[in-house]
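A.B. asks: One structure coming up, written as structure tokens, with questions to follow.
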Amino acid sequence: MNATTLSELLQSNRGADRSITYHEGETEQRVVRYGELHERALGILHHLQQLGARPGDHLLLFLANNEAFIDAFWAGILGGIVPVPVAPGISDEHRHKLLRIAAQLGKPFLYTERRLLERIRHFADEHQQQAAYTQLAQRAFVTDELVEVSRAGRVHAARPEDPAFVQYSSGSTSSPKGVVLTHANLMANMRGTTEAVRYTDQDVSLSWMPLTHDMGLIGFHIFLLANRVNMHQMATELFVRRPVLWLQVAARIRATLLCSPNFGYRHYLKVLGERPLTDLDLGSVRLIFNGAEPISLALCDEFMDRCAPARLARNAMFPVYGLAEASVAVSFPPLGAAYHASHFDRHQLNPGQRVASVAAGERSALTLVAVGSAIPYCELRIAGDGDLPLANEYVGHIQIRGANVTAGYLDAPEANAAVHTADGWLRTGDLGVIHDGELYITGRHKEILFVNGQNYYPHDLEAVALEVPGIELGKIVISGVRAPGAESDQLVVFVLNRGELADFLPLAQAVARRIAGHAGLEVDAVVPVRRIPKTTSGKVQRHLLEEEYLAGANDADLAALRALAAQRGVLLDGTSTVEAELQKICDLALEGRRIGPNDSLFDVGVSSLKLVGMQERIEQRWPGLIDVTDIFDHPSIAELARLIETRGDRSSK
């Protein structure tokens with residue numbers, strides 16, 4: 001393949017006997033040949049150039065329709081007009097983001113649909129941003145007005161070092177950051193992924209990922225077009241409404257390549273229910289890319305177990321690691337290898353610490369799925385806080401470099417200085433470890449909770465909380481929320497709840513008790529929320545929940561919950577009032593040494609004198625219920641509390 005730019009890539013493949021099939025329903029589909037895509041892109045380019053768009057200008061793609069998006073994307077590429085994909089979404093936050101990005105770009109062009117343009121106008125009217133809307137609307141092209149594409153636009157001869165498009169991260173809000181990807185970046189990553197997974201023109205792909213997401217646009221469109229793959233695009237909202245259709249289509253078209261982040265497998269399994277898959281044949285599938293968010297071993301196992309009757313090969317599950325700054329792909333496992341995990345002591349995963357392997361069933365075990373090693377033309381290393389490389393088996397910051405890695409963000413000199421090391425590596429913001437020669441992602445550096453002098457990963461604690469009946473994946477978010485001026489984080493658990501607070505209280509207690517018992521952490525607040533904000537690709541927008549919490553949006557509900565808890569004689573951290581009072585007695589006796597509710601008093605070295613002192617205070621508070629021998633038989637705060645509550649109930653009868 002001799003192409004050095006995306007525009008050359010499309011032009012060199014326009015004669016290929018391959019197509020893109022757009023699925024909008026069970027039977028609604030439209031097939032577009034590669035050559036037809038090229039012609040339509042040239043026709044749209046003519047209209048954009050008539051509007052005044054020139055090479056180097058930015059073109060906002062604000063579209064819900066996959067076919068319209070891909071047509072416009074390639075129109076921009078062919079004309080040297082830099083596409084900037086923005087997810088339309090359904091909330092005001094998506095409109096906010098569009099206007100923020102437009103302001104950052106200066107005077108971009110906009111390619112959108114009439115109904116979406118109307119939504120922007122209404123939003124601007126409501127938020128006193130009419131001037132921003134007017135400027136954008138003057139340079140807008142509405143797909144509804146596209147009646148003919150017979151006249152071809154002028155193709156621009158792009159250079160490899162020119163920006164191809166700008167990928168804004170899905171979570172960008174108040175200060176959106178646009179990753180500038182050059183033609184050279186994308187072509188290098190395309191070559192690396194092609195060599196790693198051996199794409200061929202006999203592959204057939206199916207993706208429901210949004211085209212505004214790097215896995216959807218780059219991984220499952222650009223790279224596959226480069227390899228002349230027969231592509232199938234399923235509308236994201238169709239997958240959300242009818243996830244079971246995903247694998248039905250995959251079986252029908254004999255797909256060889258699939259993809260989904262973690263939440264997609266859970267969504268599919270939940271809607272599938274107990275229905276068998278014996279009527280499907282997925283034997284053609286050779287790879288299912290699993291990335292974009294923390295990968296759950298239990299979920300991988302459940303999904304593959306359920307799909308086994310459909311002849312889905314166990315080694316088709318393909319856990320990967322990547323990010324927009326790398327043009328998408330960083331590390332892949334070896335082809336044909338079975339996915340696997342390792343179990344680490346969660347208390348020895350701080351940056352700079354050497355990992356400690358533990359048995360899978362250990363209470364301290366954190367299970368992480370291996371994501372392979374760096375693909376060709378990309379390097380990765382694990383570095384300490386001072387950007388010095390760490391040896392294998394040590395947790396640190398994941399840093400990357402290579403021809404596929406962006407030079408930086410658009411018009412953001414401070415961010416670019418912060419993201420690059422002095423020796424030319426890019427800081428990904430992720431933490432990980434090389435264990436037995438493979439990369440394991442431990443979490444996001446900015447999302448780490450710092451509690452009681454220890455670091456904790458939110459997704460780890462969320463996995464712990466999922467053991468509570470009534471808690472589901474995607475409906476719980478754990479954050480470390482730090483108030484201005486505070487020295488440590490509050491451990492806050494957000495739980496989706498659309499019912500009554502009285503019914504939520506037992507669930508809140510159970511979640512807090514589970515986290516306290518399993519991780520030894522006291523929960524500061526379990527917050528009922530009406531929505532869990534997510535990006536169009538399903539990623540939780542943790543920062544939005546944190547901002548609302550600090551702004552007081554949850555104060556009324558939390559006050560009402562505290563009142564209910566007081567009426568019932570319980571506390572919102574999952575403990576009873578008896579347990580809370582016992583905790584105070586123990587803290588006083590141990591002179592500042594804090595123990596968890598399930599820790600044994602004798603494991604922390606309680607002396608006989610301290611034990612007697614504790615028993616005296618217990619006797620003063622609950623006369624006649626506990627003697628010293630009971631403490632030996634029930635050595636934890638939680639056990640003593642249950643004993644006192646049981647005996648107290650008996651004595652009151």
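Order determines the names: the first chain of the structure tokens is A, the second B, and so forth; residues in each chain are numbered 1 upward, and ligands are numbered 1 upward as they are shown.
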Which neighbours of A:Pro376 fall inside 8 Å, counting only C-alpha atoms, when residues of the same chain fewer than 2 positions from it are skipped, and could you give them as a JSON list (two decimals) with N, CA and C atoms, in the first residue's frame?
C.D. replies:
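That gives us around_13.json:
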[["chain", "number", "residue", "atom", "x", "y", "z"],
["A", 191, "ARG", "N", -0.88, 0.89, 9.70],
["A", 191, "ARG", "CA", 0.10, -0.16, 9.39],
["A", 191, "ARG", "C", 0.36, -1.05, 10.60],
["A", 192, "GLY", "N", 0.45, -0.43, 11.78],
["A", 192, "GLY", "CA", 0.71, -1.21, 12.98],
["A", 192, "GLY", "C", -0.41, -2.17, 13.31],
["A", 193, "THR", "N", -1.65, -1.71, 13.24],
["A", 193, "THR", "CA", -2.78, -2.59, 13.55],
["A", 193, "THR", "C", -2.92, -3.68, 12.49],
["A", 195, "GLU", "N", -0.56, -5.08, 10.70],
["A", 195, "GLU", "CA", 0.45, -6.12, 10.94],
["A", 195, "GLU", "C", 0.11, -6.95, 12.17],
["A", 196, "ALA", "N", -0.46, -6.31, 13.19],
["A", 196, "ALA", "CA", -0.74, -7.01, 14.44],
["A", 196, "ALA", "C", -1.89, -8.00, 14.32],
["A", 374, "ALA", "N", 2.87, -3.55, 23.04],
["A", 374, "ALA", "CA", 2.79, -2.47, 22.04],
["A", 374, "ALA", "C", 2.78, -3.04, 20.62],
["A", 378, "CYS", "N", 4.70, 1.72, 17.53],
["A", 378, "CYS", "CA", 4.32, 2.43, 18.76],
["A", 378, "CYS", "C", 5.11, 1.83, 19.91],
["A", 379, "GLU", "N", 5.62, 2.70, 20.77],
["A", 379, "GLU", "CA", 6.35, 2.24, 21.96],
["A", 379, "GLU", "C", 5.57, 2.65, 23.20]]
A.B. asks: Residues of stretch 278-323 of chain A within 12 Å of stretch 459-481 of chain A: nearest atom pair and distance (Å, one decimal) for each, counting only C-alpha atoms, sorted by chain and number, as CSV?
C.D. replies:
residue,atom,partner,partner_atom,distance
A:Glu293,CA,A:His459,CA,9.7
A:Pro294,CA,A:His459,CA,7.3
A:Ile295,CA,A:His459,CA,9.7
A:Ser296,CA,A:Ala463,CA,8.7
A:Leu297,CA,A:Ala463,CA,10.9
A:Ala298,CA,A:Ala463,CA,10.0
A:Leu299,CA,A:Leu473,CA,10.1
A.B. asks: Keeping only N, CA and C atoms, write the selected residues as a compact mmCIF listing (two decimals), in the first residue's frame.
C.D. replies:
# COMPACT_ATOMS: atom_id res chain seq x y z
N GLU A 293 -12.79 1.10 27.86
CA GLU A 293 -13.06 1.28 29.28
C GLU A 293 -12.53 0.05 30.01
N PRO A 294 -12.45 0.10 31.37
CA PRO A 294 -11.92 -1.05 32.11
C PRO A 294 -12.60 -2.36 31.72
N ILE A 295 -11.81 -3.40 31.53
CA ILE A 295 -12.30 -4.69 31.03
C ILE A 295 -12.54 -5.63 32.21
N SER A 296 -13.73 -6.18 32.28
CA SER A 296 -14.11 -7.08 33.37
C SER A 296 -13.91 -8.53 32.93
N LEU A 297 -13.10 -9.27 33.69
CA LEU A 297 -12.90 -10.69 33.40
C LEU A 297 -14.21 -11.45 33.55
N ALA A 298 -14.94 -11.17 34.63
CA ALA A 298 -16.19 -11.89 34.87
C ALA A 298 -17.18 -11.67 33.73
N LEU A 299 -17.21 -10.45 33.21
CA LEU A 299 -18.14 -10.16 32.11
C LEU A 299 -17.68 -10.83 30.82
A.B. asks: Which of stretch 38-222 of chain A counts as strand (DSSP E or B) under DSSP, as an NGL selection string please?
C.D. replies: :A and (58-62 or 82-85 or 109-112 or 140-142 or 163-168 or 178-182 or 204-207)
A.B. asks: Please produce a file of those selected residues containing C-alpha atoms, as a short mmCIF file (atom, residue, chain, number, x, y, z; two decimals), in the first residue's frame.
C.D. replies:
data_model
loop_
_atom_site.label_atom_id
_atom_site.label_comp_id
_atom_site.auth_asym_id
_atom_site.auth_seq_id
_atom_site.Cartn_x
_atom_site.Cartn_y
_atom_site.Cartn_z
CA HIS A 58 -12.35 23.22 10.18
CA LEU A 59 -15.58 21.35 9.48
CA LEU A 60 -17.75 20.42 12.45
CA LEU A 61 -19.58 17.15 11.80
CA PHE A 62 -22.71 17.21 13.97
CA VAL A 82 -10.22 19.34 8.59
CA PRO A 83 -13.19 17.32 9.95
CA VAL A 84 -14.03 17.78 13.63
CA PRO A 85 -16.54 15.11 14.76
CA PHE A 109 -17.99 25.35 9.03
CA LEU A 110 -20.83 23.11 10.21
CA TYR A 111 -22.28 20.07 8.47
CA THR A 112 -25.48 18.95 10.18
CA ALA A 140 -23.62 25.71 8.06
CA PHE A 141 -24.54 23.20 5.37
CA VAL A 142 -27.69 21.20 6.09
CA PRO A 163 -3.72 17.61 10.09
CA ALA A 164 -6.21 15.00 8.85
CA PHE A 165 -8.87 15.62 11.48
CA VAL A 166 -9.32 16.71 15.08
CA GLN A 167 -10.66 14.18 17.60
CA TYR A 168 -12.19 15.76 20.68
CA GLY A 178 -8.95 18.49 20.46
CA VAL A 179 -6.40 15.83 19.57
CA VAL A 180 -4.79 16.79 16.26
CA LEU A 181 -4.12 13.68 14.18
CA THR A 182 -2.05 14.02 11.04
CA VAL A 204 -16.26 -8.64 7.18
CA SER A 205 -16.77 -6.13 9.99
CA LEU A 206 -19.77 -5.04 12.05
CA SER A 207 -19.68 -2.04 14.39
#
A.B. asks: Using only C-alpha atoms, pick whichever of A:Val271, A:Ala589, A:Met187, A:Leu625 has the shortest atom-to-atom distance to A:Phe239.
C.D. replies: A:Val271
A.B. asks: Which residue gives the smallest distance to A:Pro160 among A:Asp57, A:Glu8, A:Asp17, A:Asp201, with only C-alpha atoms counted?
C.D. replies: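 Checking each of A:Asp57, A:Glu8, A:Asp17, A:Asp201 against A:Pro160, counting only C-alpha atoms, the winner is A:Glu8.
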A.B. asks: Residues near A:Arg617, anyone? I mean within 10 Å using only C-alpha atoms, not counting same-chain ones fewer than 3 positions away, as an MDAnalysis selection string.
C.D. replies: chainID A and resid 582 585:586 589 612:614 620:623
A.B. asks: Can those selected residues be exported to a file as an mmCIF file, in the first residue's frame so that it contains C-alpha atoms?
C.D. replies:
data_model
loop_
_atom_site.group_PDB
_atom_site.id
_atom_site.type_symbol
_atom_site.label_atom_id
_atom_site.label_comp_id
_atom_site.auth_asym_id
_atom_site.auth_seq_id
_atom_site.Cartn_x
_atom_site.Cartn_y
_atom_site.Cartn_z
ATOM 1 C CA LEU A 582 -18.388 0.982 69.390
ATOM 2 C CA ILE A 585 -14.920 3.511 71.967
ATOM 3 C CA CYS A 586 -12.277 1.522 70.093
ATOM 4 C CA ALA A 589 -8.867 3.077 73.459
ATOM 5 C CA VAL A 612 -10.414 -4.030 80.103
ATOM 6 C CA GLY A 613 -10.768 -0.305 79.501
ATOM 7 C CA MET A 614 -12.839 -0.953 76.383
ATOM 8 C CA GLN A 620 -21.284 1.920 80.935
ATOM 9 C CA ARG A 621 -23.099 2.299 77.658
ATOM 10 C CA TRP A 622 -24.875 -1.104 77.547
ATOM 11 C CA PRO A 623 -25.047 -2.388 81.139
#
A.B. asks: Using only C-alpha atoms, which residues sit within 10 Å of A:Glu237 once same-chain residues fewer than 2 positions away are excluded, as a list of chain:residue names?
C.D. replies: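 Neighbouring residues, sequence-local ones excluded: A:Glu24, A:Ala64, A:Trp208, A:Met209, A:Pro210, A:Met234, A:Ala235, A:Phe239, A:Val240, A:Arg241, A:Arg242, A:Pro243, A:Thr536.
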A.B. asks: Write a file of the just-selected residues containing N, CA and C atoms, as a short mmCIF file (atom, residue, chain, number, x, y, z; two decimals), in the first residue's frame.
C.D. replies:
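Result saved to again-v7.cif:
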data_model
loop_
_atom_site.label_atom_id
_atom_site.label_comp_id
_atom_site.auth_asym_id
_atom_site.auth_seq_id
_atom_site.Cartn_x
_atom_site.Cartn_y
_atom_site.Cartn_z
N GLU A 24 -30.09 0.36 9.64
CA GLU A 24 -30.92 1.27 10.43
C GLU A 24 -32.07 0.53 11.11
N ALA A 64 -26.35 12.66 13.20
CA ALA A 64 -26.82 11.43 13.84
C ALA A 64 -26.81 10.26 12.87
N TRP A 208 -21.25 -1.10 15.96
CA TRP A 208 -22.33 -0.19 16.37
C TRP A 208 -21.75 1.02 17.11
N MET A 209 -20.43 1.08 17.22
CA MET A 209 -19.79 2.19 17.93
C MET A 209 -20.05 3.51 17.21
N PRO A 210 -20.26 4.60 17.96
CA PRO A 210 -20.46 5.91 17.31
C PRO A 210 -19.25 6.29 16.47
N MET A 234 -23.88 -0.45 12.12
CA MET A 234 -25.18 -0.47 12.77
C MET A 234 -25.35 0.82 13.55
N ALA A 235 -26.48 1.47 13.40
CA ALA A 235 -26.73 2.71 14.13
C ALA A 235 -26.62 2.46 15.63
N PHE A 239 -28.56 -0.31 18.33
CA PHE A 239 -27.98 -1.25 19.29
C PHE A 239 -28.52 -1.01 20.69
N VAL A 240 -28.64 0.25 21.06
CA VAL A 240 -29.13 0.57 22.40
C VAL A 240 -30.56 0.06 22.57
N ARG A 241 -31.39 0.22 21.54
CA ARG A 241 -32.79 -0.22 21.63
C ARG A 241 -32.92 -1.73 21.49
N ARG A 242 -32.12 -2.31 20.59
CA ARG A 242 -32.27 -3.73 20.29
C ARG A 242 -30.90 -4.41 20.24
N PRO A 243 -30.24 -4.55 21.37
CA PRO A 243 -28.88 -5.10 21.37
C PRO A 243 -28.79 -6.53 20.85
N THR A 536 -21.82 9.24 24.29
CA THR A 536 -22.58 8.44 23.33
C THR A 536 -22.03 7.02 23.20
#
A.B. asks: Taking 5 positions as the minimum chain separation for residues in the same chain, which residues sit within 12 Å of A:Asn65 when counting only C-alpha atoms? Answer as a list of chain:residue names.
C.D. replies: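 Using only C-alpha atoms, the neighbours found are A:Tyr22, A:His23, A:Glu24, A:Ile70, A:Asp71, A:Ala72, A:Ala87, A:Pro88, A:Gly89, A:Tyr111, A:Thr112, A:Glu113, A:Arg115, A:Leu116, A:Thr143, A:Asp144, A:Pro210, A:Leu211, A:Thr212, A:Gln233, A:Met234, A:Ala235, A:Thr236, A:Glu237, A:Leu238.
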A.B. asks: How about saving the chosen residues, C-alpha atoms kept, as a compact mmCIF listing (two decimals), in the first residue's frame?
C.D. replies:
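After the write, out_9.txt holds the following:
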# COMPACT_ATOMS: atom_id res chain seq x y z
CA TYR A 22 -25.62 0.81 6.79
CA HIS A 23 -28.10 -0.93 9.11
CA GLU A 24 -30.92 1.27 10.43
CA ILE A 70 -19.00 9.16 6.52
CA ASP A 71 -19.84 10.99 3.28
CA ALA A 72 -19.06 14.38 4.85
CA ALA A 87 -21.46 13.71 19.09
CA PRO A 88 -25.02 15.10 18.78
CA GLY A 89 -26.21 13.25 21.89
CA TYR A 111 -22.28 20.07 8.47
CA THR A 112 -25.48 18.95 10.18
CA GLU A 113 -29.16 18.01 9.87
CA ARG A 115 -33.54 19.08 13.14
CA LEU A 116 -30.17 19.23 14.91
CA THR A 143 -27.83 17.65 4.70
CA ASP A 144 -31.58 18.00 4.08
CA PRO A 210 -20.46 5.91 17.31
CA LEU A 211 -18.40 7.40 14.51
CA THR A 212 -17.49 10.26 16.85
CA GLN A 233 -22.32 -0.04 10.29
CA MET A 234 -25.18 -0.47 12.77
CA ALA A 235 -26.73 2.71 14.13
CA THR A 236 -25.72 3.16 17.77
CA GLU A 237 -29.26 3.96 18.86
CA LEU A 238 -30.43 0.74 17.17
A.B. asks: Within 9 Å of stretch 411-414 of chain A, counting only C-alpha atoms, which residues show up once you throw out same-chain ones fewer than 5 positions away? Write them as a PDB file with C-alpha atoms, in the first residue's frame, please.
C.D. replies:
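Dumped everything to around.pdb:
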ATOM      1  CA  GLN A 104     -12.297  27.425  20.210  1.00  0.00           C
ATOM      2  CA  LEU A 105     -12.013  26.824  16.455  1.00  0.00           C
ATOM      3  CA  LYS A 177      -9.257  19.371  24.126  1.00  0.00           C
ATOM      4  CA  GLY A 178      -8.951  18.492  20.460  1.00  0.00           C
ATOM      5  CA  VAL A 419       1.275  16.116  28.345  1.00  0.00           C
TER       6      VAL A 419
END
A.B. asks: Which residue gives the smallest distance to A:Ala3 among A:His127, A:Leu136, A:Ala184, A:Ser150, with only C-alpha atoms counted?
C.D. replies: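 Of all the options, A:Ala184 lies closest to A:Ala3.
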A.B. asks: With distances taken over only C-alpha atoms, which residue among A:Glu148, A:Glu28, A:Asp214, A:Asp125 lies nearest A:Val86?
C.D. replies: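 Ranked by minimum distance to A:Val86, first place goes to A:Asp214.
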A.B. asks: Grab the atom CA of A:Val147 to atom CA of A:Pro55 distance for me, in Å with one decimal place.
C.D. replies: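 Distance reported for this atom pair: 24.1 Å.
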A.B. asks: Report as a list in words all protein, DNA and RNA residues lying within 10 Å of A:Arg151, evaluated on only C-alpha atoms, omitting residues in the same chain fewer than 4 positions from it.
C.D. replies: Glu39, Arg40, Leu42, Gly43, Ile44, Leu45, His46 and His47 of chain A
A.B. asks: Write the residues of the selection above to a file with C-alpha atoms, as a PDB file, in the first residue's frame.
C.D. replies:
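Final file, part.pdb:
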ATOM      1  CA  GLU A  39     -18.111  10.116  -5.828  1.00  0.00           C
ATOM      2  CA  ARG A  40     -20.509  11.309  -3.109  1.00  0.00           C
ATOM      3  CA  LEU A  42     -16.458  14.740  -4.115  1.00  0.00           C
ATOM      4  CA  GLY A  43     -20.002  16.011  -4.718  1.00  0.00           C
ATOM      5  CA  ILE A  44     -20.370  17.181  -1.115  1.00  0.00           C
ATOM      6  CA  LEU A  45     -16.929  18.780  -1.318  1.00  0.00           C
ATOM      7  CA  HIS A  46     -18.189  20.907  -4.224  1.00  0.00           C
ATOM      8  CA  HIS A  47     -21.000  22.280  -2.025  1.00  0.00           C
TER       9      HIS A  47
END
A.B. asks: As number ranges by chain, please: every residue in stretch 129-264 of chain A that DSSP puts in helix (DSSP H, G or I).
C.D. replies: A: 130-137, 143-145, 183-197, 214-226, 236-241, 244-253, 262-264
